[in-house]
$ cat upload_3.pdb   # PDB, C-alpha atoms
ATOM      1  CA  MET A   1     -55.859 -31.098  77.229
ATOM      2  CA  ALA A   2     -59.561 -30.973  76.419
ATOM      3  CA  ILE A   3     -62.192 -29.186  78.475
ATOM      4  CA  GLN A   4     -65.832 -30.236  78.247
ATOM      5  CA  ILE A   5     -69.009 -29.212  80.040
ATOM      6  CA  GLY A   6     -70.624 -32.138  81.853
ATOM      7  CA  GLY A   7     -73.921 -32.773  83.560
ATOM      8  CA  ALA A   8     -77.339 -33.029  81.974
ATOM      9  CA  VAL A   9     -76.846 -29.725  80.129
ATOM     10  CA  GLY A  10     -73.326 -30.234  78.782
ATOM     11  CA  ASN A  11     -73.480 -33.962  78.079
ATOM     12  CA  GLY A  12     -77.030 -33.769  76.731
ATOM     13  CA  ALA A  13     -76.337 -30.868  74.377
ATOM     14  CA  ARG A  14     -73.140 -32.490  73.133
ATOM     15  CA  THR A  15     -74.974 -35.753  72.446
ATOM     16  CA  ALA A  16     -77.614 -33.903  70.442
ATOM     17  CA  LEU A  17     -74.918 -32.130  68.438
ATOM     18  CA  ARG A  18     -73.064 -35.382  67.721
ATOM     19  CA  MET A  19     -76.345 -36.896  66.540
ATOM     20  CA  GLY A  20     -76.999 -34.006  64.154
ATOM     21  CA  ARG A  21     -79.500 -32.050  66.255
ATOM     22  CA  VAL A  22     -79.367 -28.621  67.903
ATOM     23  CA  ALA A  23     -80.246 -28.259  71.580
ATOM     24  CA  ALA A  24     -81.293 -25.130  73.459
ATOM     25  CA  VAL A  25     -79.715 -25.139  76.921
ATOM     26  CA  THR A  26     -80.552 -23.267  80.106
ATOM     27  CA  ALA A  27     -78.866 -23.333  83.507
ATOM     28  CA  THR A  28     -77.492 -21.086  86.253
ATOM     29  CA  VAL A  29     -73.749 -20.415  86.597
ATOM     30  CA  GLY A  30     -71.649 -18.267  88.876
ATOM     31  CA  ALA A  31     -69.979 -14.955  88.021
ATOM     32  CA  ASP A  32     -66.587 -16.683  87.917
ATOM     33  CA  GLU A  33     -64.059 -18.214  85.535
ATOM     34  CA  LEU A  34     -65.878 -21.534  85.320
ATOM     35  CA  GLY A  35     -69.138 -19.759  84.526
ATOM     36  CA  GLY A  36     -67.473 -17.837  81.710
ATOM     37  CA  LEU A  37     -65.924 -21.051  80.426
ATOM     38  CA  CYS A  38     -69.326 -22.762  80.398
ATOM     39  CA  ARG A  39     -70.841 -19.900  78.457
ATOM     40  CA  ALA A  40     -68.002 -19.785  75.904
ATOM     41  CA  ILE A  41     -67.880 -23.530  75.236
ATOM     42  CA  LEU A  42     -71.652 -23.978  75.016
ATOM     43  CA  SER A  43     -72.096 -20.878  72.828
ATOM     44  CA  ALA A  44     -69.405 -22.087  70.420
ATOM     45  CA  ASP A  45     -71.358 -25.298  69.776
ATOM     46  CA  HIS A  46     -74.890 -23.926  70.097
ATOM     47  CA  PRO A  47     -74.940 -20.288  68.962
ATOM     48  CA  ALA A  48     -78.126 -18.384  69.827
ATOM     49  CA  THR A  49     -79.540 -21.253  71.929
ATOM     50  CA  VAL A  50     -77.588 -20.863  75.196
ATOM     51  CA  TRP A  51     -79.503 -19.134  77.990
ATOM     52  CA  LEU A  52     -77.430 -19.067  81.180
ATOM     53  CA  SER A  53     -78.516 -16.973  84.139
ATOM     54  CA  GLU A  54     -75.729 -15.747  86.409
ATOM     55  CA  THR A  55     -75.567 -15.525  90.192
ATOM     56  CA  THR A  56     -73.091 -13.546  92.295
ATOM     57  CA  THR A  57     -73.834 -15.457  95.499
ATOM     58  CA  HIS A  58     -72.759 -18.955  94.393
ATOM     59  CA  SER A  59     -69.840 -20.252  92.377
ATOM     60  CA  THR A  60     -70.351 -22.426  89.294
ATOM     61  CA  SER A  61     -71.114 -26.067  89.989
ATOM     62  CA  TYR A  62     -68.379 -28.588  89.259
ATOM     63  CA  SER A  63     -67.427 -32.208  89.889
ATOM     64  CA  VAL A  64     -64.104 -33.927  90.318
ATOM     65  CA  VAL A  65     -64.415 -37.410  88.805
ATOM     66  CA  LEU A  66     -61.970 -40.107  89.879
ATOM     67  CA  GLN A  67     -61.728 -43.323  87.891
ATOM     68  CA  PRO A  68     -58.667 -45.441  88.721
ATOM     69  CA  PRO A  69     -58.072 -48.423  86.419
ATOM     70  CA  GLY A  70     -60.305 -51.370  87.190
ATOM     71  CA  THR A  71     -62.672 -49.512  89.534
ATOM     72  CA  ASP A  72     -65.930 -47.617  89.212
ATOM     73  CA  ARG A  73     -66.041 -43.830  89.178
ATOM     74  CA  SER A  74     -66.418 -41.676  92.260
ATOM     75  CA  PHE A  75     -67.605 -38.063  92.195
ATOM     76  CA  TRP A  76     -66.687 -35.125  94.413
ATOM     77  CA  HIS A  77     -69.496 -32.723  93.585
ATOM     78  CA  HIS A  78     -70.091 -29.050  94.410
ATOM     79  CA  THR A  79     -73.690 -28.024  93.633
ATOM     80  CA  GLY A  80     -72.829 -24.302  93.699
ATOM     81  CA  ALA A  81     -75.030 -22.168  91.445
ATOM     82  CA  ASN A  82     -77.367 -25.111  90.912
ATOM     83  CA  ASP A  83     -78.693 -24.300  94.390
ATOM     84  CA  GLU A  84     -80.348 -21.197  92.884
ATOM     85  CA  PHE A  85     -81.911 -22.767  89.788
ATOM     86  CA  ASP A  86     -85.681 -22.828  90.307
ATOM     87  CA  GLY A  87     -87.100 -23.534  86.852
ATOM     88  CA  THR A  88     -88.139 -19.946  86.074
ATOM     89  CA  CYS A  89     -86.072 -19.973  82.904
ATOM     90  CA  GLU A  90     -86.630 -19.416  79.211
ATOM     91  CA  LEU A  91     -88.015 -22.370  77.285
ATOM     92  CA  ALA A  92     -87.382 -23.078  73.631
ATOM     93  CA  ALA A  93     -90.294 -24.344  71.575
ATOM     94  CA  ALA A  94     -88.604 -27.734  71.377
ATOM     95  CA  PRO A  95     -90.295 -31.103  70.821
ATOM     96  CA  ILE A  96     -88.954 -32.315  74.213
ATOM     97  CA  VAL A  97     -87.848 -30.425  77.339
ATOM     98  CA  HIS A  98     -85.421 -32.536  79.371
ATOM     99  CA  PHE A  99     -84.463 -31.755  82.993
ATOM    100  CA  GLY A 100     -81.799 -33.376  85.155
ATOM    101  CA  TYR A 101     -81.190 -33.777  87.994
ATOM    102  CA  PRO A 102     -83.389 -32.750  90.967
ATOM    103  CA  SER A 103     -81.145 -34.644  93.404
ATOM    104  CA  LEU A 104     -78.390 -32.110  92.562
ATOM    105  CA  VAL A 105     -80.627 -29.050  92.057
ATOM    106  CA  PRO A 106     -82.265 -28.674  95.478
ATOM    107  CA  GLY A 107     -84.414 -25.669  94.547
ATOM    108  CA  MET A 108     -86.365 -27.865  92.154
ATOM    109  CA  THR A 109     -87.411 -30.137  95.040
ATOM    110  CA  ALA A 110     -89.029 -27.376  97.147
ATOM    111  CA  ASP A 111     -92.706 -27.745  98.102
ATOM    112  CA  SER A 112     -92.730 -31.438  97.161
ATOM    113  CA  GLY A 113     -91.353 -30.696  93.688
ATOM    114  CA  GLN A 114     -93.657 -27.844  92.689
ATOM    115  CA  PRO A 115     -90.887 -25.948  90.791
ATOM    116  CA  THR A 116     -90.261 -29.032  88.635
ATOM    117  CA  ALA A 117     -93.965 -29.594  88.084
ATOM    118  CA  LYS A 118     -94.457 -25.936  87.119
ATOM    119  CA  LEU A 119     -91.528 -26.060  84.687
ATOM    120  CA  PHE A 120     -92.979 -29.147  83.022
ATOM    121  CA  ALA A 121     -96.498 -27.688  82.979
ATOM    122  CA  ARG A 122     -95.132 -24.627  81.130
ATOM    123  CA  ALA A 123     -93.331 -26.886  78.670
ATOM    124  CA  ARG A 124     -96.427 -28.964  77.987
ATOM    125  CA  ALA A 125     -98.583 -25.859  77.599
ATOM    126  CA  GLN A 126     -96.356 -24.772  74.696
ATOM    127  CA  GLY A 127     -96.645 -28.207  73.076
ATOM    128  CA  SER A 128     -93.419 -29.856  74.304
ATOM    129  CA  ALA A 129     -93.108 -33.323  75.797
ATOM    130  CA  THR A 130     -91.251 -33.517  79.116
ATOM    131  CA  SER A 131     -88.412 -35.753  80.274
ATOM    132  CA  LEU A 132     -86.939 -36.201  83.764
ATOM    133  CA  ASP A 133     -83.644 -37.807  84.813
ATOM    134  CA  LEU A 134     -82.211 -38.392  88.281
ATOM    135  CA  ALA A 135     -78.653 -38.601  89.608
ATOM    136  CA  HIS A 136     -77.115 -40.613  92.410
ATOM    137  CA  CYS A 137     -78.101 -39.227  95.813
ATOM    138  CA  ALA A 138     -74.944 -39.406  97.934
ATOM    139  CA  GLN A 139     -74.856 -40.476 101.576
ATOM    140  CA  ASN A 140     -73.957 -36.931 102.647
ATOM    141  CA  SER A 141     -76.485 -35.206 100.373
ATOM    142  CA  PRO A 142     -78.890 -32.810 102.145
ATOM    143  CA  LEU A 143     -81.618 -34.557 100.124
ATOM    144  CA  ARG A 144     -80.687 -38.041 101.324
ATOM    145  CA  HIS A 145     -83.769 -38.233 103.570
ATOM    146  CA  TYR A 146     -86.014 -36.172 101.314
ATOM    147  CA  ASP A 147     -89.490 -37.618 100.577
ATOM    148  CA  TRP A 148     -88.810 -38.580  96.964
ATOM    149  CA  ASP A 149     -92.012 -40.589  96.545
ATOM    150  CA  THR A 150     -94.057 -37.455  97.276
ATOM    151  CA  TYR A 151     -91.881 -35.586  94.755
ATOM    152  CA  PHE A 152     -92.540 -38.264  92.135
ATOM    153  CA  ALA A 153     -96.286 -38.224  92.887
ATOM    154  CA  HIS A 154     -96.389 -34.496  92.083
ATOM    155  CA  VAL A 155     -93.910 -34.301  89.217
ATOM    156  CA  LEU A 156     -94.660 -37.481  87.256
ATOM    157  CA  GLN A 157     -98.165 -36.213  86.546
ATOM    158  CA  GLU A 158     -96.454 -33.673  84.276
ATOM    159  CA  THR A 159     -93.702 -36.030  83.044
ATOM    160  CA  ASP A 160     -93.902 -37.860  79.724
ATOM    161  CA  VAL A 161     -90.589 -39.750  79.923
ATOM    162  CA  PHE A 162     -88.945 -40.731  83.228
ATOM    163  CA  CYS A 163     -85.468 -42.133  82.651
ATOM    164  CA  PRO A 164     -83.497 -42.768  85.874
ATOM    165  CA  SER A 165     -80.895 -45.405  86.554
ATOM    166  CA  TRP A 166     -81.630 -48.123  89.104
ATOM    167  CA  ASP A 167     -78.843 -46.739  91.291
ATOM    168  CA  ASP A 168     -80.459 -43.284  91.114
ATOM    169  CA  ILE A 169     -83.756 -44.710  92.333
ATOM    170  CA  THR A 170     -82.383 -46.791  95.205
ATOM    171  CA  SER A 171     -80.023 -44.072  96.417
ATOM    172  CA  ALA A 172     -82.773 -41.423  96.348
ATOM    173  CA  ARG A 173     -85.113 -43.691  98.276
ATOM    174  CA  ASN A 174     -82.258 -44.516 100.682
ATOM    175  CA  GLU A 175     -82.818 -48.217 100.235
ATOM    176  CA  PRO A 176     -80.518 -51.091  99.271
ATOM    177  CA  SER A 177     -80.532 -51.997  95.609
ATOM    178  CA  ARG A 178     -81.400 -55.598  96.500
ATOM    179  CA  ASN A 179     -78.769 -56.728  94.044
ATOM    180  CA  HIS A 180     -75.926 -59.113  94.636
ATOM    181  CA  PRO A 181     -72.714 -58.686  92.621
ATOM    182  CA  GLY A 182     -73.534 -59.675  89.057
ATOM    183  CA  VAL A 183     -77.187 -60.426  89.904
ATOM    184  CA  LEU A 184     -79.983 -57.942  89.229
ATOM    185  CA  ASP A 185     -83.340 -58.103  91.005
ATOM    186  CA  ARG A 186     -85.426 -57.674  87.880
ATOM    187  CA  VAL A 187     -88.699 -57.987  89.731
ATOM    188  CA  ALA A 188     -87.809 -54.973  91.889
ATOM    189  CA  VAL A 189     -86.977 -52.932  88.773
ATOM    190  CA  GLU A 190     -90.242 -53.911  87.091
ATOM    191  CA  GLN A 191     -92.259 -53.091  90.211
ATOM    192  CA  ALA A 192     -90.623 -49.655  90.473
ATOM    193  CA  ALA A 193     -91.433 -48.921  86.817
ATOM    194  CA  ALA A 194     -95.059 -49.922  87.362
ATOM    195  CA  THR A 195     -95.231 -47.593  90.374
ATOM    196  CA  PHE A 196     -93.894 -44.661  88.345
ATOM    197  CA  LEU A 197     -96.386 -45.352  85.550
ATOM    198  CA  GLY A 198     -99.138 -45.357  88.141
ATOM    199  CA  MET A 199     -97.964 -41.920  89.305
ATOM    200  CA  GLY A 200     -98.497 -40.531  85.815
ATOM    201  CA  ALA A 201     -95.417 -41.056  83.622
ATOM    202  CA  ALA A 202     -96.124 -42.162  80.051
ATOM    203  CA  ILE A 203     -92.787 -43.921  79.509
ATOM    204  CA  VAL A 204     -90.417 -45.229  82.183
ATOM    205  CA  LEU A 205     -86.929 -46.264  81.104
ATOM    206  CA  ILE A 206     -84.712 -47.561  83.927
ATOM    207  CA  THR A 207     -81.055 -48.197  83.105
ATOM    208  CA  VAL A 208     -79.061 -50.888  84.885
ATOM    209  CA  GLY A 209     -75.575 -50.406  83.441
ATOM    210  CA  GLU A 210     -74.026 -53.334  81.638
ATOM    211  CA  GLN A 211     -77.234 -55.327  82.179
ATOM    212  CA  GLY A 212     -79.169 -53.039  79.859
ATOM    213  CA  SER A 213     -82.409 -51.232  80.614
ATOM    214  CA  TYR A 214     -86.070 -51.846  81.340
ATOM    215  CA  LEU A 215     -88.759 -50.089  79.300
ATOM    216  CA  ALA A 216     -92.391 -49.732  80.327
ATOM    217  CA  THR A 217     -95.151 -47.625  78.770
ATOM    218  CA  GLY A 218     -98.489 -46.414  80.113
ATOM    219  CA  ASN A 219    -102.120 -46.851  79.196
ATOM    220  CA  PRO A 220    -103.702 -45.442  75.999
ATOM    221  CA  PRO A 221    -104.966 -42.139  77.470
ATOM    222  CA  ARG A 222    -101.543 -41.366  78.917
ATOM    223  CA  MET A 223     -99.732 -42.296  75.723
ATOM    224  CA  GLN A 224    -102.051 -40.150  73.612
ATOM    225  CA  ARG A 225    -100.584 -36.989  75.137
ATOM    226  CA  LEU A 226     -97.050 -38.060  74.215
ATOM    227  CA  ALA A 227     -98.172 -39.177  70.758
ATOM    228  CA  ARG A 228     -99.152 -35.636  69.822
ATOM    229  CA  THR A 229     -95.535 -34.524  70.230
ATOM    230  CA  THR A 230     -93.559 -37.562  69.105
ATOM    231  CA  ARG A 231     -96.006 -38.980  66.516
ATOM    232  CA  ILE A 232     -95.769 -42.452  68.032
ATOM    233  CA  ASN A 233     -98.777 -44.722  67.580
ATOM    234  CA  ALA A 234    -100.279 -44.550  71.066
ATOM    235  CA  ASP A 235    -102.446 -47.654  70.603
ATOM    236  CA  GLN A 236     -99.624 -49.746  69.158
ATOM    237  CA  HIS A 237     -97.105 -48.824  71.853
ATOM    238  CA  THR A 238     -99.275 -48.885  74.957
ATOM    239  CA  ASN A 239     -98.702 -51.158  77.995
ATOM    240  CA  ILE A 240     -95.257 -52.295  76.824
ATOM    241  CA  SER A 241     -92.826 -54.001  79.172
ATOM    242  CA  ALA A 242     -89.474 -55.055  77.745
ATOM    243  CA  TRP A 243     -85.896 -55.641  78.829
ATOM    244  CA  ILE A 244     -83.405 -54.107  76.403
ATOM    245  CA  ALA A 245     -79.999 -55.786  76.374
ATOM    246  CA  ALA A 246     -76.877 -53.637  76.467
ATOM    247  CA  ALA A 247     -74.868 -53.469  73.252
ATOM    248  CA  PRO A 248     -71.409 -55.090  73.242
ATOM    249  CA  ILE A 249     -68.455 -52.762  73.761
ATOM    250  CA  GLU A 250     -65.285 -53.648  71.897
ATOM    251  CA  ARG A 251     -63.035 -51.339  73.908
ATOM    252  CA  PHE A 252     -63.494 -49.146  76.961
ATOM    253  CA  VAL A 253     -62.502 -45.468  76.724
ATOM    254  CA  THR A 254     -64.773 -43.698  79.209
ATOM    255  CA  SER A 255     -68.071 -44.068  81.012
ATOM    256  CA  ASN A 256     -68.279 -40.351  81.807
ATOM    257  CA  GLY A 257     -71.522 -38.950  80.420
ATOM    258  CA  ALA A 258     -72.781 -42.401  79.435
ATOM    259  CA  GLY A 259     -76.084 -42.014  81.266
ATOM    260  CA  ASP A 260     -76.835 -38.618  79.729
ATOM    261  CA  THR A 261     -75.788 -39.896  76.308
ATOM    262  CA  PHE A 262     -78.165 -42.847  76.570
ATOM    263  CA  LYS A 263     -81.128 -40.756  77.749
ATOM    264  CA  VAL A 264     -80.761 -38.030  75.107
ATOM    265  CA  ALA A 265     -80.127 -40.622  72.388
ATOM    266  CA  PHE A 266     -83.360 -42.331  73.418
ATOM    267  CA  LEU A 267     -85.319 -39.066  73.229
ATOM    268  CA  LEU A 268     -83.906 -38.147  69.813
ATOM    269  CA  SER A 269     -84.470 -41.674  68.495
ATOM    270  CA  LEU A 270     -88.044 -41.578  69.791
ATOM    271  CA  LEU A 271     -88.661 -38.429  67.746
ATOM    272  CA  ARG A 272     -87.187 -40.055  64.640
ATOM    273  CA  LEU A 273     -88.443 -43.650  64.926
ATOM    274  CA  HIS A 274     -91.766 -43.056  66.768
ATOM    275  CA  ASP A 275     -91.281 -46.416  68.526
ATOM    276  CA  PRO A 276     -90.143 -46.660  72.197
ATOM    277  CA  ARG A 277     -88.613 -50.133  71.868
ATOM    278  CA  ALA A 278     -86.727 -49.269  68.685
ATOM    279  CA  ALA A 279     -85.563 -46.007  70.268
ATOM    280  CA  ALA A 280     -84.247 -47.830  73.353
ATOM    281  CA  ARG A 281     -82.368 -50.330  71.188
ATOM    282  CA  GLU A 282     -80.820 -47.532  69.133
ATOM    283  CA  ALA A 283     -79.822 -45.685  72.313
ATOM    284  CA  THR A 284     -77.915 -48.770  73.513
ATOM    285  CA  LEU A 285     -75.891 -48.745  70.296
ATOM    286  CA  VAL A 286     -75.211 -45.018  70.616
ATOM    287  CA  VAL A 287     -73.996 -45.252  74.218
ATOM    288  CA  ALA A 288     -71.791 -48.241  73.376
ATOM    289  CA  ARG A 289     -70.102 -46.134  70.719
ATOM    290  CA  HIS A 290     -69.702 -43.306  73.228
ATOM    291  CA  ILE A 291     -68.045 -45.621  75.772
ATOM    292  CA  GLY A 292     -65.786 -46.958  73.026
ATOM    293  CA  GLY A 293     -64.706 -43.482  71.938
ATOM    294  CA  LEU A 294     -66.367 -43.740  68.526
ATOM    295  CA  PRO A 295     -68.620 -41.284  66.637
ATOM    296  CA  LEU A 296     -72.153 -41.632  67.972
ATOM    297  CA  VAL A 297     -73.612 -41.994  64.504
ATOM    298  CA  GLN A 298     -71.959 -44.622  62.364
ATOM    299  CA  GLU A 299     -70.884 -43.251  59.011
ATOM    300  CA  PRO A 300     -72.214 -45.124  55.961
ATOM    301  CA  VAL A 301     -69.666 -47.377  54.272
TER     302      VAL A 301
END

$ encode --input "upload_3.pdb" --output "structure tokens"
Amino acid sequence: MAIQIGGAVGNGARTALRMGRVAAVTATVGADELGGLCRAILSADHPATVWLSETTTHSTSYSVVLQPPGTDRSFWHHTGANDEFDGTCELAAAPIVHFGYPSLVPGMTADSGQPTAKLFARARAQGSATSLDLAHCAQNSPLRHYDWDTYFAHVLQETDVFCPSWDDITSARNEPSRNHPGVLDRVAVEQAAATFLGMGAAIVLITVGEQGSYLATGNPPRMQRLARTTRINADQHTNISAWIAAAPIERFVTSNGAGDTFKVAFLLSLLRLHDPRAAAREATLVVARHIGGLPLVQEPV
């Protein structure tokens, strides 16, 4: 038996570690066995960079993931202590501060997303770039009818990289995906990315599962802010729009954590390659190796 911490914190930190980087992690857990387990496992991999606040009024968040052969996953999720996380946490002086997912952390959506915007403003004030990811918004979620477009209008002004999946977007907006089985409405994806750029994001990266991802970048003034942190050439990589094909997968082991793996791999590759398109292509290779149960970084022959 193997026990792993999931979610944006667990999956993201583990991806960074497997790619040779150290992540500082912050979250809220309950004063219970699962909270202690989270602290022990994360601290073993990331000594001195685990900052978990503890609440006595909520139990630690967890999910039960069901994936029968031949079908997609389903999640039974308990938000628990995530209900108390409000962004007033310690911040490491990291190149990028990544937050996921407001659809499962309701406190971060209060006042039209002001806690998220304040967290990102603090991060940017210390010289960090900011990254935001969503999660599927379930039919029975208390945020199902939340005004997400107003949230995006506030938060994306402080967001450098916005990296949701297409399912995240359509479920949050409570709208059909406009896809037929095996057919993706690419125009709808491109229009959504353009809308998010117009709200202030510098880079929008929308994943669409086995059909790859769509990358779009903002105008020169918006990209200049991100360039100071990632050393990308803002003029060279402005106003990009590109579909990135998914990498082939030789065998399927698990899709758990694939989204977080892809997003964090993209961020780390962006820091190393200074090129959004090259970073997105590298992230597709990394997530394919994750799904196939292989080391994320291919060892030299």

$ closest_residue --input "upload_3.pdb" --among "A:Leu296, A:Ala31, A:Val25, A:Val97" --to "A:Thr55" --atoms "all atoms listed in the file"
A:Ala31

$ resolve_selection --input "upload_3.pdb" --expression "the PyMOL selection byres ((chain A and resi 114) around 12)" --output "JSON list (two decimals) with C-alpha atoms, keeping the file's coordinate frame"
[["chain", "number", "residue", "atom", "x", "y", "z"],
["A", 86, "ASP", "CA", -85.68, -22.83, 90.31],
["A", 87, "GLY", "CA", -87.10, -23.53, 86.85],
["A", 88, "THR", "CA", -88.14, -19.95, 86.07],
["A", 102, "PRO", "CA", -83.39, -32.75, 90.97],
["A", 106, "PRO", "CA", -82.26, -28.67, 95.48],
["A", 107, "GLY", "CA", -84.41, -25.67, 94.55],
["A", 108, "MET", "CA", -86.36, -27.86, 92.15],
["A", 109, "THR", "CA", -87.41, -30.14, 95.04],
["A", 110, "ALA", "CA", -89.03, -27.38, 97.15],
["A", 111, "ASP", "CA", -92.71, -27.74, 98.10],
["A", 112, "SER", "CA", -92.73, -31.44, 97.16],
["A", 113, "GLY", "CA", -91.35, -30.70, 93.69],
["A", 115, "PRO", "CA", -90.89, -25.95, 90.79],
["A", 116, "THR", "CA", -90.26, -29.03, 88.64],
["A", 117, "ALA", "CA", -93.96, -29.59, 88.08],
["A", 118, "LYS", "CA", -94.46, -25.94, 87.12],
["A", 119, "LEU", "CA", -91.53, -26.06, 84.69],
["A", 120, "PHE", "CA", -92.98, -29.15, 83.02],
["A", 121, "ALA", "CA", -96.50, -27.69, 82.98],
["A", 150, "THR", "CA", -94.06, -37.46, 97.28],
["A", 151, "TYR", "CA", -91.88, -35.59, 94.76],
["A", 152, "PHE", "CA", -92.54, -38.26, 92.14],
["A", 153, "ALA", "CA", -96.29, -38.22, 92.89],
["A", 154, "HIS", "CA", -96.39, -34.50, 92.08],
["A", 155, "VAL", "CA", -93.91, -34.30, 89.22],
["A", 156, "LEU", "CA", -94.66, -37.48, 87.26],
["A", 157, "GLN", "CA", -98.16, -36.21, 86.55],
["A", 158, "GLU", "CA", -96.45, -33.67, 84.28]]

$ resolve_selection --input "upload_3.pdb" --expression "the PyMOL selection byres ((chain A and resi 298) around 12)" --output "PyMOL selection string"
chain A and resi 18-20+282+285-286+288-290+294-297+299-301

$ atom_distance --input "upload_3.pdb" --atom1 "atom CA of A:Ala44" --atom2 "atom CA of A:Asp32"
18.5 Å

$ residues_around --input "upload_3.pdb" --residues "stretch 225-235 of chain A" --least-positions-apart "3" --cutoff "12 Å" --atoms "only C-alpha atoms" --output "ChimeraX atom specification"
/A:93-97,123-131,157-161,200-203,217-222,238-240,267-279

$ atom_distance --input "upload_3.pdb" --atom1 "atom CA of A:Asp45" --atom2 "atom CA of A:Ile3"
13.2 Å

$ closest_residue --input "upload_3.pdb" --among "A:Trp76, A:Val187, A:Val287, A:Ala16" --to "A:Val64" --atoms "all atoms listed in the file"
A:Trp76

$ resolve_selection --input "upload_3.pdb" --expression "the PyMOL selection byres ((chain A and resi 214) around 9)" --output "ChimeraX atom specification"
/A:186,189-190,193,204-208,212-213,215-216,241-245

$ residues_around --input "upload_3.pdb" --residues "A:Thr15" --least-positions-apart "5" --cutoff "8 Å" --atoms "all atoms listed in the file" --output "list in words"
Thr261, Val264, Ala265 and Leu296 of chain A

$ residues_near_point --input "upload_3.pdb" --point "(-86.2, -19.6, 81.9)" --cutoff "9 Å" --atoms "only C-alpha atoms" --output "list in words"
Thr26, Ala27, Trp51, Leu52, Ser53, Gly87, Thr88, Cys89, Glu90, Leu91 and Leu119 of chain A

$ residues_near_point --input "upload_3.pdb" --point "(-66.7, -44.6, 78.4)" --cutoff "9 Å" --atoms "only C-alpha atoms" --output "VMD selection string"
chain A and resid 251 to 258 287 to 293

$ atom_distance --input "upload_3.pdb" --atom1 "atom CA of A:Asn140" --atom2 "atom CA of A:Ala172"
11.7 Å

$ closest_residue --input "upload_3.pdb" --among "A:Arg122, A:Lys263, A:His98, A:His58" --to "A:Thr79" --atoms "all atoms listed in the file"
A:His58

$ residues_around --input "upload_3.pdb" --residues "A:Ser74" --least-positions-apart "5" --cutoff "10 Å" --atoms "all atoms listed in the file" --output "list in words"
Ser63, Val64, Val65, Leu66, Gln67 and Pro68 of chain A

$ closest_residue --input "upload_3.pdb" --among "A:Gly259, A:Gly80, A:Pro69, A:Gly10" --to "A:His136" --atoms "all atoms listed in the file"
A:Gly259

$ closest_residue --input "upload_3.pdb" --among "A:His237, A:Met223, A:Trp166, A:Glu250" --to "A:Leu197" --atoms "all atoms listed in the file"
A:Met223

$ build_atoms --input "upload_3.pdb" --residues "stretch 112-126 of chain A" --atoms "N, CA and C atoms" --output "CSV table (one decimal), in the coordinates of the input"
chain,number,residue,atom,x,y,z
A,112,SER,N,-92.4,-30.1,97.7
A,112,SER,CA,-92.7,-31.4,97.2
A,112,SER,C,-92.6,-31.5,95.6
A,113,GLY,N,-91.6,-30.7,95.1
A,113,GLY,CA,-91.4,-30.7,93.7
A,113,GLY,C,-92.2,-29.7,92.8
A,114,GLN,N,-92.8,-28.8,93.5
A,114,GLN,CA,-93.7,-27.8,92.7
A,114,GLN,C,-92.9,-27.1,91.6
A,115,PRO,N,-91.6,-26.6,91.9
A,115,PRO,CA,-90.9,-25.9,90.8
A,115,PRO,C,-90.7,-26.8,89.6
A,116,THR,N,-90.4,-28.1,89.8
A,116,THR,CA,-90.3,-29.0,88.6
A,116,THR,C,-91.6,-29.2,87.9
A,117,ALA,N,-92.6,-29.4,88.7
A,117,ALA,CA,-94.0,-29.6,88.1
A,117,ALA,C,-94.4,-28.4,87.3
A,118,LYS,N,-94.1,-27.2,87.8
A,118,LYS,CA,-94.5,-25.9,87.1
A,118,LYS,C,-93.7,-25.8,85.8
A,119,LEU,N,-92.4,-26.1,85.9
A,119,LEU,CA,-91.5,-26.1,84.7
A,119,LEU,C,-92.1,-27.0,83.6
A,120,PHE,N,-92.4,-28.2,84.0
A,120,PHE,CA,-93.0,-29.1,83.0
A,120,PHE,C,-94.4,-28.7,82.5
A,121,ALA,N,-95.2,-28.2,83.4
A,121,ALA,CA,-96.5,-27.7,83.0
A,121,ALA,C,-96.4,-26.6,81.9
A,122,ARG,N,-95.4,-25.7,82.1
A,122,ARG,CA,-95.1,-24.6,81.1
A,122,ARG,C,-94.7,-25.2,79.8
A,123,ALA,N,-93.8,-26.2,79.9
A,123,ALA,CA,-93.3,-26.9,78.7
A,123,ALA,C,-94.5,-27.6,77.9
A,124,ARG,N,-95.3,-28.3,78.6
A,124,ARG,CA,-96.4,-29.0,78.0
A,124,ARG,C,-97.5,-28.0,77.4
A,125,ALA,N,-97.6,-26.9,78.1
A,125,ALA,CA,-98.6,-25.9,77.6
A,125,ALA,C,-98.1,-25.3,76.3
A,126,GLN,N,-96.8,-25.3,76.0
A,126,GLN,CA,-96.4,-24.8,74.7
A,126,GLN,C,-96.2,-25.9,73.7
